[in-house]
Structures are given as C-alpha cells and as structure tokens.
>>> print(open('query-v2.csv').read())   # CSV, C-alpha atoms
chain,number,residue,atom,x,y,z
P,1,MET,CA,0.0,-4.3,9.8
P,2,ILE,CA,-1.2,-6.1,7.1
P,3,GLY,CA,-3.4,-9.1,7.7
P,4,ARG,CA,-2.3,-12.3,6.2
P,5,THR,CA,1.3,-11.2,5.7
P,6,ARG,CA,1.5,-12.2,9.4
P,7,ALA,CA,4.7,-14.1,8.9
P,8,VAL,CA,6.3,-10.8,7.9
P,9,THR,CA,4.6,-8.7,10.5
P,10,ALA,CA,6.0,-11.0,13.2
P,11,VAL,CA,8.9,-8.5,12.9
P,12,ALA,CA,6.7,-6.4,15.1
P,13,LEU,CA,4.5,-9.0,16.7
P,14,SER,CA,7.2,-11.1,18.2
P,15,PHE,CA,7.9,-8.2,20.5
P,16,ALA,CA,4.3,-7.1,21.2
P,17,LEU,CA,2.5,-10.4,21.2
P,18,ALA,CA,4.5,-13.6,21.4
P,19,LEU,CA,7.7,-12.6,23.2
P,20,PRO,CA,6.3,-12.6,26.7
P,21,VAL,CA,5.2,-16.2,26.2
P,22,VAL,CA,8.5,-17.2,24.6
P,23,ALA,CA,10.4,-15.5,27.4
P,24,ALA,CA,8.4,-17.3,30.1
P,25,SER,CA,8.8,-20.7,28.5
P,26,THR,CA,12.2,-20.7,26.9
P,27,ALA,CA,14.0,-17.6,28.1
P,28,SER,CA,15.3,-17.2,24.5
P,29,ALA,CA,15.6,-14.0,22.6
P,30,ALA,CA,13.0,-12.9,20.0
P,31,PRO,CA,13.5,-14.1,16.5
P,32,GLN,CA,15.4,-11.6,14.4
P,33,PRO,CA,13.3,-9.6,11.9
P,34,SER,CA,15.4,-10.7,8.9
P,35,ALA,CA,14.8,-14.4,9.7
P,36,LEU,CA,11.1,-13.8,10.1
P,37,ALA,CA,10.8,-11.8,6.8
P,38,ALA,CA,12.8,-14.5,5.0
P,39,ALA,CA,10.2,-17.1,6.1
P,40,ALA,CA,7.3,-15.2,4.7
P,41,PRO,CA,5.7,-16.1,1.4
P,42,PRO,CA,6.3,-13.6,-1.4
P,43,VAL,CA,3.8,-10.8,-1.8
P,44,SER,CA,2.8,-10.1,-5.4
P,45,ALA,CA,2.7,-6.6,-6.9
P,46,ALA,CA,-0.5,-4.6,-6.7
P,47,PRO,CA,-2.7,-4.4,-9.8
P,48,ALA,CA,-2.0,-1.3,-11.9
P,49,ASP,CA,-5.5,0.0,-11.4
P,50,VAL,CA,-5.2,-0.3,-7.6
P,51,ALA,CA,-1.8,1.4,-7.5
P,52,ALA,CA,-3.2,4.3,-9.5
P,53,SER,CA,-6.0,5.1,-7.2
P,54,PRO,CA,-5.6,6.3,-3.6
P,55,LEU,CA,-7.2,4.6,-0.7
P,56,GLN,CA,-9.9,6.6,1.2
P,57,LEU,CA,-10.3,5.7,4.8
P,58,PRO,CA,-13.9,4.9,5.9
P,59,SER,CA,-15.9,7.9,6.8
P,60,PRO,CA,-16.3,8.9,10.4
P,61,THR,CA,-19.7,8.1,11.9
P,62,GLY,CA,-20.2,11.0,14.4
P,63,GLU,CA,-22.0,14.3,14.1
P,64,TYR,CA,-18.9,16.5,14.1
P,65,GLY,CA,-16.4,17.5,11.4
P,66,VAL,CA,-12.8,16.6,12.3
P,67,GLY,CA,-9.8,18.8,12.6
P,68,SER,CA,-6.2,17.9,13.3
P,69,SER,CA,-3.0,19.5,14.5
P,70,VAL,CA,0.5,18.1,14.5
P,71,PHE,CA,3.1,18.7,17.2
P,72,HIS,CA,6.7,17.9,17.7
P,73,LEU,CA,7.5,17.6,21.4
P,74,VAL,CA,10.8,17.2,23.1
P,75,ASP,CA,11.0,16.0,26.8
P,76,ARG,CA,14.4,17.3,28.0
P,77,SER,CA,13.8,15.8,31.5
P,78,ARG,CA,14.4,12.3,30.1
P,79,THR,CA,17.2,10.6,28.2
P,80,ASP,CA,15.9,8.5,25.3
P,81,PRO,CA,16.5,4.8,26.3
P,82,TRP,CA,17.1,3.8,22.6
P,83,LYS,CA,19.5,6.6,21.8
P,84,PRO,CA,21.0,8.1,25.0
P,85,GLY,CA,23.2,10.4,23.0
P,86,ALA,CA,20.2,12.2,21.6
P,87,GLY,CA,20.0,14.1,24.9
P,88,ALA,CA,16.2,14.2,25.1
P,89,ARG,CA,13.1,12.1,24.3
P,90,GLU,CA,11.3,13.2,21.1
P,91,LEU,CA,7.6,12.6,20.3
P,92,MET,CA,5.3,13.3,17.3
P,93,LEU,CA,1.7,14.0,18.2
P,94,THR,CA,-1.4,14.3,16.0
P,95,LEU,CA,-4.4,15.8,17.8
P,96,HIS,CA,-7.7,15.0,16.1
P,97,TYR,CA,-10.6,17.0,17.5
P,98,PRO,CA,-14.3,17.8,16.9
P,99,ALA,CA,-14.6,20.6,14.4
P,100,ALA,CA,-17.4,23.1,14.0
P,101,ARG,CA,-17.5,22.0,10.3
P,102,PRO,CA,-15.2,20.1,8.0
P,103,GLY,CA,-13.6,23.3,6.7
P,104,PRO,CA,-12.1,24.2,3.4
P,105,GLY,CA,-8.8,22.9,1.9
P,106,ARG,CA,-7.2,19.6,1.4
P,107,PRO,CA,-7.5,16.8,4.0
P,108,THR,CA,-4.7,16.2,6.5
P,109,PRO,CA,-1.9,14.0,4.9
P,110,TYR,CA,-2.0,10.4,6.1
P,111,ALA,CA,1.8,10.0,6.4
P,112,THR,CA,5.0,11.1,4.6
P,113,THR,CA,6.3,8.9,1.8
P,114,ALA,CA,9.5,8.5,3.8
P,115,GLU,CA,7.5,7.0,6.7
P,116,THR,CA,5.4,4.6,4.5
P,117,GLY,CA,8.5,3.6,2.5
P,118,LEU,CA,10.2,2.4,5.6
P,119,LEU,CA,7.0,0.7,6.8
P,120,VAL,CA,6.3,-1.3,3.6
P,121,LYS,CA,10.0,-2.2,3.4
P,122,GLY,CA,10.1,-3.3,7.0
P,123,LEU,CA,7.1,-5.5,6.5
P,124,GLY,CA,8.3,-6.9,3.2
P,125,ILE,CA,5.2,-5.7,1.2
P,126,GLU,CA,6.7,-2.9,-0.9
P,127,ALA,CA,5.9,-4.8,-4.2
P,128,ALA,CA,2.2,-4.9,-3.3
P,129,VAL,CA,1.9,-1.5,-1.5
P,130,PRO,CA,3.7,1.3,-3.2
P,131,ALA,CA,4.9,3.8,-0.5
P,132,ALA,CA,3.8,6.8,-2.4
P,133,GLN,CA,0.3,5.4,-2.9
P,134,LEU,CA,0.0,4.5,0.8
P,135,SER,CA,1.1,7.9,1.9
P,136,ALA,CA,-1.5,9.4,-0.4
P,137,THR,CA,-4.3,7.7,1.5
P,138,ARG,CA,-7.2,10.2,1.9
P,139,THR,CA,-8.3,11.1,5.4
P,140,HIS,CA,-11.4,13.0,6.6
P,141,SER,CA,-9.8,15.7,8.8
P,142,ARG,CA,-8.8,19.2,7.9
P,143,PRO,CA,-5.6,20.8,9.2
P,144,ASP,CA,-6.2,23.2,12.0
P,145,ALA,CA,-10.0,23.5,11.3
P,146,ARG,CA,-12.0,25.6,13.7
P,147,PRO,CA,-12.9,23.5,16.8
P,148,ALA,CA,-16.4,22.8,17.9
P,149,ARG,CA,-17.6,24.6,21.1
P,150,GLY,CA,-17.7,22.9,24.5
P,151,SER,CA,-15.5,20.8,26.7
P,152,HIS,CA,-14.6,17.3,25.5
P,153,PRO,CA,-13.0,14.1,26.9
P,154,LEU,CA,-9.4,13.3,25.8
P,155,ILE,CA,-8.3,9.9,24.6
P,156,VAL,CA,-4.6,9.0,24.0
P,157,LEU,CA,-3.9,6.4,21.3
P,158,SER,CA,-0.6,4.4,21.2
P,159,PRO,CA,0.3,2.3,18.1
P,160,GLY,CA,1.8,-1.2,17.9
P,161,PHE,CA,5.5,-1.8,18.0
P,162,SER,CA,7.4,-0.9,14.8
P,163,VAL,CA,4.3,0.9,13.3
P,164,SER,CA,3.3,4.5,13.6
P,165,ARG,CA,0.5,6.6,14.9
P,166,TYR,CA,-1.0,7.0,11.4
P,167,THR,CA,-2.0,3.3,11.4
P,168,LEU,CA,-4.8,4.3,13.9
P,169,THR,CA,-6.1,7.2,11.9
P,170,ASN,CA,-9.5,5.7,11.0
P,171,LEU,CA,-10.2,5.1,14.7
P,172,ALA,CA,-8.9,8.6,15.7
P,173,GLU,CA,-11.0,10.4,13.2
P,174,ASP,CA,-14.1,8.4,14.2
P,175,LEU,CA,-13.7,9.2,17.9
P,176,ALA,CA,-13.1,12.9,17.1
P,177,SER,CA,-16.3,12.9,15.0
P,178,ARG,CA,-18.1,11.6,18.1
P,179,GLY,CA,-16.9,14.5,20.3
P,180,TYR,CA,-13.5,13.3,21.6
P,181,LEU,CA,-10.2,14.9,21.5
P,182,VAL,CA,-7.7,12.2,20.4
P,183,ALA,CA,-4.0,12.4,20.9
P,184,SER,CA,-2.2,9.8,18.7
P,185,LEU,CA,1.5,9.4,19.6
P,186,ASP,CA,4.6,8.3,17.8
P,187,HIS,CA,7.2,7.1,20.2
P,188,ALA,CA,10.8,7.9,19.0
P,189,TYR,CA,12.9,5.0,17.7
P,190,GLU,CA,10.1,2.4,18.2
P,191,SER,CA,8.8,2.4,14.6
P,192,PHE,CA,10.2,1.6,11.2
P,193,GLY,CA,10.2,5.3,10.5
P,194,ILE,CA,9.0,8.6,12.0
P,195,SER,CA,9.4,11.9,10.2
P,196,VAL,CA,10.4,14.8,12.5
P,197,PRO,CA,11.2,18.5,11.8
P,198,GLY,CA,14.4,19.3,10.1
P,199,GLY,CA,14.1,16.6,7.4
P,200,ARG,CA,15.1,13.9,9.9
P,201,THR,CA,13.7,10.4,10.0
P,202,LEU,CA,13.9,8.4,13.3
P,203,THR,CA,14.2,4.6,12.7
P,204,CYS,CA,13.6,1.6,14.9
P,205,LEU,CA,16.6,1.4,17.2
P,206,ALA,CA,14.3,-0.4,19.7
P,207,CYS,CA,13.9,-3.3,17.3
P,208,ASP,CA,17.5,-4.1,17.5
P,209,ALA,CA,17.6,-3.5,21.3
P,210,LEU,CA,14.8,-6.0,21.9
P,211,GLY,CA,15.9,-8.5,19.3
P,212,ASP,CA,19.7,-8.7,19.6
P,213,GLY,CA,20.1,-6.7,22.8
P,214,GLY,CA,17.8,-8.8,24.9
P,215,VAL,CA,16.0,-5.7,26.4
P,216,SER,CA,12.6,-6.5,27.9
P,217,GLY,CA,9.4,-5.2,26.4
P,218,SER,CA,8.7,-3.7,29.8
P,219,VAL,CA,11.2,-1.0,28.9
P,220,VAL,CA,8.9,-0.1,26.0
P,221,THR,CA,5.8,0.0,28.2
P,222,ALA,CA,7.5,2.1,30.9
P,223,THR,CA,8.9,4.5,28.4
P,224,ARG,CA,5.5,4.9,26.7
P,225,ALA,CA,3.9,5.6,30.1
P,226,GLY,CA,6.4,8.4,30.6
P,227,ASP,CA,5.6,9.6,27.1
P,228,VAL,CA,1.9,9.8,27.8
P,229,SER,CA,2.4,11.6,31.1
P,230,PHE,CA,4.6,14.2,29.4
P,231,VAL,CA,2.0,14.7,26.7
P,232,LEU,CA,-0.8,15.2,29.3
P,233,ASP,CA,1.4,17.7,31.0
P,234,ARG,CA,1.9,19.6,27.7
P,235,LEU,CA,-1.8,19.5,26.8
P,236,THR,CA,-3.4,20.2,30.1
P,237,GLY,CA,-0.7,22.1,32.1
P,238,ARG,CA,-0.3,25.8,32.8
P,239,HIS,CA,1.2,26.5,29.4
P,240,PRO,CA,-0.4,24.1,26.9
P,241,ILE,CA,1.0,23.6,23.5
P,242,TRP,CA,-2.5,23.8,21.8
P,243,ARG,CA,-4.2,27.1,21.6
P,244,TYR,CA,-7.6,25.5,22.2
P,245,ALA,CA,-6.6,23.4,25.2
P,246,ASP,CA,-9.5,24.8,27.2
P,247,MET,CA,-11.6,22.3,25.2
P,248,ILE,CA,-10.0,19.4,27.1
P,249,ASP,CA,-11.9,18.1,30.1
P,250,LYS,CA,-9.0,17.3,32.4
P,251,LYS,CA,-11.2,15.0,34.6
P,252,ARG,CA,-12.2,12.7,31.7
P,253,ILE,CA,-9.1,11.2,30.1
P,254,GLY,CA,-8.8,7.7,28.7
P,255,MET,CA,-6.2,5.7,26.7
P,256,ALA,CA,-6.3,2.9,24.2
P,257,GLY,CA,-3.5,1.2,22.3
P,258,HIS,CA,-2.9,-1.5,19.8
P,259,SER,CA,-0.5,-4.4,20.5
P,260,ILE,CA,2.3,-3.2,22.9
P,261,GLY,CA,0.5,0.2,22.8
P,262,GLY,CA,-2.4,-1.6,24.5
P,263,ALA,CA,-0.2,-3.1,27.1
P,264,SER,CA,1.2,0.4,27.6
P,265,ALA,CA,-2.4,1.6,28.4
P,266,ALA,CA,-2.3,-0.5,31.6
P,267,SER,CA,1.2,0.6,32.4
P,268,THR,CA,0.3,4.2,32.0
P,269,MET,CA,-2.7,3.9,34.3
P,270,LEU,CA,-0.5,2.4,37.0
P,271,ALA,CA,1.9,5.4,36.6
P,272,ASP,CA,-0.6,8.2,36.1
P,273,ARG,CA,-3.9,8.5,37.9
P,274,ARG,CA,-5.1,11.1,35.4
P,275,VAL,CA,-5.9,8.3,33.0
P,276,GLY,CA,-9.3,7.1,34.2
P,277,ALA,CA,-10.1,4.2,31.7
P,278,GLY,CA,-8.1,2.1,29.3
P,279,ILE,CA,-8.3,-0.4,26.4
P,280,ASN,CA,-5.8,-3.0,25.4
P,281,MET,CA,-6.3,-4.0,21.7
P,282,ASP,CA,-4.6,-7.4,21.3
P,283,GLY,CA,-1.4,-6.7,23.1
P,284,ALA,CA,0.4,-9.1,25.5
P,285,PHE,CA,1.0,-7.6,29.0
P,286,TRP,CA,4.6,-7.0,29.8
P,287,ASP,CA,4.0,-5.7,33.3
P,288,THR,CA,2.5,-7.7,36.2
P,289,LEU,CA,-0.3,-5.6,37.8
P,290,PRO,CA,-0.1,-5.2,41.6
P,291,SER,CA,-2.7,-6.9,43.8
P,292,THR,CA,-4.7,-3.7,43.8
P,293,GLY,CA,-5.0,-3.8,40.0
P,294,LEU,CA,-5.7,-0.4,38.4
P,295,GLY,CA,-7.4,0.9,41.6
P,296,GLY,CA,-10.9,0.1,40.3
P,297,ARG,CA,-10.6,2.0,37.1
P,298,PRO,CA,-12.4,0.4,34.1
P,299,PHE,CA,-10.3,-1.6,31.6
P,300,MET,CA,-11.3,-3.6,28.5
P,301,MET,CA,-9.3,-6.2,26.6
P,302,LEU,CA,-10.3,-6.5,22.9
P,303,GLY,CA,-8.5,-9.1,20.9
P,304,THR,CA,-8.1,-12.1,18.6
P,305,ASP,CA,-8.8,-15.7,19.2
P,306,GLU,CA,-5.1,-16.0,20.3
P,307,HIS,CA,-6.2,-14.0,23.4
P,308,ARG,CA,-9.1,-16.2,24.4
P,309,PRO,CA,-8.9,-17.8,27.9
P,310,GLY,CA,-6.3,-20.4,27.7
P,311,GLY,CA,-5.1,-19.1,24.3
P,312,HIS,CA,-1.5,-18.7,23.0
P,313,ASP,CA,-0.8,-15.6,25.1
P,314,LYS,CA,-1.1,-16.4,28.8
P,315,THR,CA,-0.7,-12.9,30.0
P,316,TRP,CA,-4.4,-12.0,29.6
P,317,ASP,CA,-5.3,-15.0,31.8
P,318,ARG,CA,-2.6,-13.9,34.3
P,319,GLU,CA,-3.8,-10.3,34.6
P,320,TRP,CA,-7.6,-10.7,34.3
P,321,PRO,CA,-8.2,-11.7,38.0
P,322,THR,CA,-6.2,-8.7,39.2
P,323,LEU,CA,-8.2,-6.2,37.3
P,324,GLY,CA,-10.7,-4.7,39.7
P,325,GLY,CA,-13.9,-2.7,39.1
P,326,TRP,CA,-15.6,-2.7,35.7
P,327,LYS,CA,-13.8,-5.0,33.2
P,328,ARG,CA,-14.5,-6.8,29.9
P,329,TRP,CA,-12.6,-9.4,28.0
P,330,LEU,CA,-13.8,-9.6,24.4
P,331,THR,CA,-12.5,-11.6,21.5
P,332,VAL,CA,-13.5,-11.2,17.8
P,333,ALA,CA,-14.0,-14.2,15.6
P,334,GLY,CA,-12.1,-14.2,12.3
P,335,SER,CA,-9.8,-11.3,13.4
P,336,GLU,CA,-6.1,-11.0,13.2
P,337,HIS,CA,-3.6,-8.9,15.1
P,338,PHE,CA,-3.9,-5.8,12.9
P,339,THR,CA,-7.7,-6.0,12.6
P,340,PHE,CA,-7.8,-3.2,15.2
P,341,SER,CA,-5.9,-0.7,13.1
P,342,ASP,CA,-6.2,0.7,9.5
P,343,SER,CA,-4.9,-2.6,8.2
P,344,PRO,CA,-8.3,-4.0,7.0
P,345,ALA,CA,-8.8,-1.0,4.7
P,346,ILE,CA,-5.3,-1.2,3.4
P,347,GLU,CA,-5.4,-5.0,2.8
P,348,GLU,CA,-8.7,-4.7,0.9
P,349,HIS,CA,-7.6,-1.8,-1.3
P,350,PHE,CA,-4.2,-3.2,-2.3
P,351,GLY,CA,-5.5,-6.8,-2.8
P,352,LEU,CA,-3.5,-8.3,0.0
P,353,PRO,CA,-4.7,-11.6,1.6
P,354,GLN,CA,-7.3,-10.9,4.2
P,355,PRO,CA,-8.5,-12.6,7.3
P,356,PRO,CA,-12.0,-14.2,7.5
P,357,LEU,CA,-13.5,-11.1,9.1
P,358,PRO,CA,-14.4,-8.7,6.3
P,359,ALA,CA,-12.6,-5.3,6.3
P,360,ARG,CA,-15.8,-3.3,6.8
P,361,ARG,CA,-16.9,-5.4,9.8
P,362,ALA,CA,-13.4,-5.2,11.3
P,363,ILE,CA,-13.5,-1.5,11.3
P,364,ASP,CA,-17.1,-1.2,12.4
P,365,ILE,CA,-16.5,-3.6,15.4
P,366,THR,CA,-13.4,-1.8,16.5
P,367,ARG,CA,-15.1,1.6,16.3
P,368,THR,CA,-18.3,0.4,18.0
P,369,TYR,CA,-16.7,-1.2,21.0
P,370,VAL,CA,-13.9,1.4,21.6
P,371,ALA,CA,-16.4,4.3,21.4
P,372,ALA,CA,-18.9,2.5,23.6
P,373,PHE,CA,-16.3,1.9,26.3
P,374,PHE,CA,-15.4,5.5,26.4
P,375,ASP,CA,-19.0,6.7,26.2
P,376,GLU,CA,-19.8,4.6,29.2
P,377,HIS,CA,-16.8,5.4,31.3
P,378,LEU,CA,-15.8,9.0,30.3
P,379,ARG,CA,-19.3,10.3,29.6
P,380,GLY,CA,-21.4,8.1,32.0
P,381,ILE,CA,-23.7,6.9,29.2
P,382,PRO,CA,-24.7,3.2,29.7
P,383,GLN,CA,-23.9,1.1,26.6
P,384,PRO,CA,-26.0,-2.0,26.0
P,385,VAL,CA,-23.5,-3.3,23.6
P,386,LEU,CA,-21.1,-3.7,26.5
P,387,ALA,CA,-23.6,-5.6,28.7
P,388,GLY,CA,-23.3,-8.9,26.7
P,389,PRO,CA,-23.5,-10.5,23.3
P,390,THR,CA,-25.7,-8.8,20.8
P,391,ALA,CA,-27.4,-10.0,17.6
P,392,GLY,CA,-25.9,-7.2,15.6
P,393,ASN,CA,-22.3,-8.2,16.5
P,394,PRO,CA,-22.2,-12.0,16.5
P,395,GLU,CA,-18.4,-12.1,15.9
P,396,VAL,CA,-17.8,-10.6,19.4
P,397,ARG,CA,-17.5,-13.1,22.2
P,398,PHE,CA,-17.7,-12.1,25.9
P,399,GLU,CA,-15.2,-14.2,27.8
P,400,ASN,CA,-15.8,-14.9,31.4
P,401,PRO,CA,-12.9,-17.1,32.6
>>> encode(input="query-v2.csv", output="structure tokens")
Amino acid sequence: MIGRTRAVTAVALSFALALPVVAASTASAAPQPSALAAAAPPVSAAPADVAASPLQLPSPTGEYGVGSSVFHLVDRSRTDPWKPGAGARELMLTLHYPAARPGPGRPTPYATTAETGLLVKGLGIEAAVPAAQLSATRTHSRPDARPARGSHPLIVLSPGFSVSRYTLTNLAEDLASRGYLVASLDHAYESFGISVPGGRTLTCLACDALGDGGVSGSVVTATRAGDVSFVLDRLTGRHPIWRYADMIDKKRIGMAGHSIGGASAASTMLADRRVGAGINMDGAFWDTLPSTGLGGRPFMMLGTDEHRPGGHDKTWDREWPTLGGWKRWLTVAGSEHFTFSDSPAIEEHFGLPQPPLPARRAIDITRTYVAAFFDEHLRGIPQPVLAGPTAGNPEVRFENP
C-alpha cells in the first residue's frame, strides 16, 4: 500500500510484481526489504489535524446494509510451508454479507493496532500514518448483523503479499452491499502482521523465505489455492462454520485478488473447479497456465500501465493467449499498484503523495469493474461497461494484443 511511497512498498511488490521478470531475465534473488526501504525518500509526519481525525472509508453503493463476521480457521491437514513446526495452517477470515439493515452498535473494527503498527513500520511510513489512527478507520459494516434473505453468490478476496485482508475492506463492503457474500482471507506468515486468537501476532516469515531463501512465488500461489479450497469446504460443506451458510449459492463462486492475490485467483481456479470466475488486479503470474487455460471460465486482468501489452511485466503477455472463453485485459491510466485497494483513501487522508488518478476515481473504477464482472458472470446480467470503452470511464483502456 500506499501510492507514491512505491520505493518502500517494493518490499512487497518485488515479490508480487517484478520478481517473475527479474527471475526470468537475471535469475537473481529479490532485493531485500531493508535495502529497498533505505532507498526510499523520507516520509514526513502527518499534520496534527489529520492525525486527530479517523479516516472513514467510502460508503458502499448497493441497496443492502452490510454485516460482518470474523473466523479463525486451522487446517490440520496441511503443514504450514513458512513455519512447519506450527503443525497446521492458520487463516483469518472476514465474511462481509448483505444485511437486512445496517443494525445498531459500533461499526466493525478496521484492524488491530498491532496489525497496523507492523504494516506502517514495514512500509516505512509510520511517521506519516500513526498506527492507532489507521486502525481506527471507520468501516460501514456491523458485527454479526442480521443477514438479508435469499441466496447470494460468494466472492473470495486475497490481498497482496505482505499486506492483510483489511486493505481490501472498501471493496468487500461495496460488494456485500450489492448482494454478494465476500470472504476476505489473511494467509498466515505472508503479511507484516496478522492478529490471531490468544494474543498472538503472526509476522511475515514468507518475506524472508522469498528474499533470502530463494523460494519461488509459485509456493505462495499454490499455498493460497489450498487456503481457498479449505475455506470453501468450511463455508459450504456439511458442517459449515457460519450459522447462515445456507445463504451461499454454492454454484456461483468467484475470486478476486490484488497483486500476488490476483495471481492466486488463477492458480485457485486451476486447482478448484468450484471457483467459476476470477480477477487478477495488477499481479504478475507465477504459474504458467496449461494449454487448456482455465477450462473456458471467465477471467479478467485489471491493472496499471506496467501491465499493458509489452509492458514491464511480461507474464500478462504470456498468459493472455492461453486464457479461453470470456476474457478482458484492462489497464487504468494514472493508476499505481495499490490503486486497487484501500490505499487511495489512506493516501488522501494522511496527506501522502498520490498518483495522477484521484482517490475517488480509483475507488469508483475498481468497484465498478469488479462488480460488473461478477454481475455478468455469476448473475448472468450483461454489463455494457465490460463491452468496450465508455465515456464515463475514460481512464480504462481495453487492451487487445
């Protein structure tokens, strides 16, 4: 996350974006986070008035209120690749869902201060973004609010490498307000910090494994594919973890992810036929698709100019011809890697340098195209915005290599 502090955020991006290109061309290891952070320009402290007022995420645009429930899951059938001694794979899951009404009480917390403290420290922006202030960000969901009636499609969201599921909260809440169940995952030891029950915090062991250990990013995508399949089992199996699991339409499941989470959407679709549609938001592909692609299931790539045809990351050029069935390759002018997360709102609130694309437009574009994709492919509702360029979204380019 955070826009123009990109030299710092290469801590995460080198693994999720540039590393496949580096590996293909030089076979060298990723730059170490400390070296990347040292190369970044200093980030000045936030103004006192900004630090004193909490950020409120943009309001959801759908007709429903939004509820949320949090789950701690342990998959004892798998050994965690980043900490084999742990004995099992742990996950944190936030389920946002359409609620009958917003409900009373305080909104769902954005994150713990322990989590945001590790995030801002890891990104080198703690002077500009106080951890306590970021964790106090106001959301629009209510804990365990009464769900709306009916059966609804399920969307899984996977965050970028080194950041957590809460960085996709504005998108999750918006999709839930539009009638989707949204399962946002935190993958153990793949972020700067995840708070889990028992007062524990899991830190980014995978950062060291990929940086110094030379482990391939394909281990991340394969692990996340296993995570998603486990979560689908726990949400839709015979003994679901959520009391309202009968709301889930098991035949309409999609997945979207940011950065390596987006690459993991394709990897998950290869491994699990239950996921019927996927979106990669600005993530390099670590896995090479088979000649049969994704078996005709729809897939959309939504990214920055670095992911244009012939751009810096060659993996989109490589995988595009293999994708069969419905597909789109969209790039957004003026965007940066974290445009597709909560970062635009955070940058604007805390006075951080911002990319050319204004924060409000960044959020609107991401919400519009992600929702349109799932409306068309999980609900069968044609979306003109996906048919080609539109006057209302001049920043979005339809690439046809």
>>> residues_around(input="query-v2.csv", residues="P:Gly311", least_positions_apart="3", cutoff="12 Å", atoms="all atoms listed in the file", output="ChimeraX atom specification")
/P:17-18,21,284,303-308,314-318,331,399,401
>>> write_last_selection(input="query-v2.csv", atoms="C-alpha atoms", output="short mmCIF file (atom, residue, chain, number, x, y, z; two decimals), in the frame of the given file")
data_model
loop_
_atom_site.label_atom_id
_atom_site.label_comp_id
_atom_site.auth_asym_id
_atom_site.auth_seq_id
_atom_site.Cartn_x
_atom_site.Cartn_y
_atom_site.Cartn_z
CA LEU P 17 2.50 -10.40 21.20
CA ALA P 18 4.50 -13.60 21.40
CA VAL P 21 5.20 -16.20 26.20
CA ALA P 284 0.40 -9.10 25.50
CA GLY P 303 -8.50 -9.10 20.90
CA THR P 304 -8.10 -12.10 18.60
CA ASP P 305 -8.80 -15.70 19.20
CA GLU P 306 -5.10 -16.00 20.30
CA HIS P 307 -6.20 -14.00 23.40
CA ARG P 308 -9.10 -16.20 24.40
CA LYS P 314 -1.10 -16.40 28.80
CA THR P 315 -0.70 -12.90 30.00
CA TRP P 316 -4.40 -12.00 29.60
CA ASP P 317 -5.30 -15.00 31.80
CA ARG P 318 -2.60 -13.90 34.30
CA THR P 331 -12.50 -11.60 21.50
CA GLU P 399 -15.20 -14.20 27.80
CA PRO P 401 -12.90 -17.10 32.60
#
>>> atom_distance(input="query-v2.csv", atom1="atom CA of P:Leu157", atom2="atom CA of P:His258")
8.1 Å
>>> closest_residue(input="query-v2.csv", among="P:Glu347, P:Glu173, P:Glu90, P:Asp144", to="P:Tyr64", atoms="all atoms listed in the file")
P:Glu173
>>> atom_distance(input="query-v2.csv", atom1="atom CA of P:Ser267", atom2="atom CA of P:Pro298")
13.7 Å
>>> residues_around(input="query-v2.csv", residues="P:Tyr180", least_positions_apart="3", cutoff="9 Å", atoms="only C-alpha atoms", output="list in words")
His96, Tyr97, Pro98, His152, Pro153, Leu154, Ile155, Ala172, Asp174, Leu175, Ala176, Ser177 and Ile248 of chain P
>>> closest_atom_pairs(input="query-v2.csv", of="stretch 107-137 of chain P", to="stretch 67-81 of chain P", cutoff="12 Å", atoms="only C-alpha atoms", output="Markdown table")
| residue | atom | partner | partner_atom | distance |
| --- | --- | --- | --- | --- |
| P:Pro107 | CA | P:Gly67 | CA | 9.1 |
| P:Thr108 | CA | P:Ser68 | CA | 7.2 |
| P:Pro109 | CA | P:Ser68 | CA | 10.2 |
| P:Tyr110 | CA | P:Ser68 | CA | 11.2 |
| P:Ala111 | CA | P:Val70 | CA | 11.5 |
>>> atom_distance(input="query-v2.csv", atom1="atom CA of P:Gly257", atom2="atom CA of P:Thr339")
12.8 Å
>>> residues_around(input="query-v2.csv", residues="stretch 354-370 of chain P", least_positions_apart="5", cutoff="7 Å", atoms="only C-alpha atoms", output="list in words")
Gly3, Arg4, Leu171, Gly334, Ser335, Glu336, Thr339, Phe340, Pro344, Ala345, Glu347 and Glu348 of chain P
>>> write_last_selection(input="query-v2.csv", atoms="C-alpha atoms", output="short mmCIF file (atom, residue, chain, number, x, y, z; two decimals), in the frame of the given file")
data_model
loop_
_atom_site.label_atom_id
_atom_site.label_comp_id
_atom_site.auth_asym_id
_atom_site.auth_seq_id
_atom_site.Cartn_x
_atom_site.Cartn_y
_atom_site.Cartn_z
CA GLY P 3 -3.40 -9.10 7.70
CA ARG P 4 -2.30 -12.30 6.20
CA LEU P 171 -10.20 5.10 14.70
CA GLY P 334 -12.10 -14.20 12.30
CA SER P 335 -9.80 -11.30 13.40
CA GLU P 336 -6.10 -11.00 13.20
CA THR P 339 -7.70 -6.00 12.60
CA PHE P 340 -7.80 -3.20 15.20
CA PRO P 344 -8.30 -4.00 7.00
CA ALA P 345 -8.80 -1.00 4.70
CA GLU P 347 -5.40 -5.00 2.80
CA GLU P 348 -8.70 -4.70 0.90
#
>>> residues_near_point(input="query-v2.csv", point="(-1.8, -8.6, 26.4)", cutoff="8 Å", atoms="only C-alpha atoms", output="list in words")
Leu17, Ser259, Ile260, Gly262, Ala263, Asn280, Met281, Asp282, Gly283, Ala284, Phe285, Trp286, Met301, His307, Asp313, Thr315 and Trp316 of chain P
>>> write_last_selection(input="query-v2.csv", atoms="C-alpha atoms", output="PDB file, keeping the file's coordinate frame")
ATOM      1  CA  LEU P  17       2.500 -10.400  21.200  1.00  0.00           C
ATOM      2  CA  SER P 259      -0.500  -4.400  20.500  1.00  0.00           C
ATOM      3  CA  ILE P 260       2.300  -3.200  22.900  1.00  0.00           C
ATOM      4  CA  GLY P 262      -2.400  -1.600  24.500  1.00  0.00           C
ATOM      5  CA  ALA P 263      -0.200  -3.100  27.100  1.00  0.00           C
ATOM      6  CA  ASN P 280      -5.800  -3.000  25.400  1.00  0.00           C
ATOM      7  CA  MET P 281      -6.300  -4.000  21.700  1.00  0.00           C
ATOM      8  CA  ASP P 282      -4.600  -7.400  21.300  1.00  0.00           C
ATOM      9  CA  GLY P 283      -1.400  -6.700  23.100  1.00  0.00           C
ATOM     10  CA  ALA P 284       0.400  -9.100  25.500  1.00  0.00           C
ATOM     11  CA  PHE P 285       1.000  -7.600  29.000  1.00  0.00           C
ATOM     12  CA  TRP P 286       4.600  -7.000  29.800  1.00  0.00           C
ATOM     13  CA  MET P 301      -9.300  -6.200  26.600  1.00  0.00           C
ATOM     14  CA  HIS P 307      -6.200 -14.000  23.400  1.00  0.00           C
ATOM     15  CA  ASP P 313      -0.800 -15.600  25.100  1.00  0.00           C
ATOM     16  CA  THR P 315      -0.700 -12.900  30.000  1.00  0.00           C
ATOM     17  CA  TRP P 316      -4.400 -12.000  29.600  1.00  0.00           C
TER      18      TRP P 316
END
>>> residues_around(input="query-v2.csv", residues="P:Asp186", least_positions_apart="5", cutoff="10 Å", atoms="only C-alpha atoms", output="ChimeraX atom specification")
/P:72,90-94,157-160,163-166,191,193-195,224,227
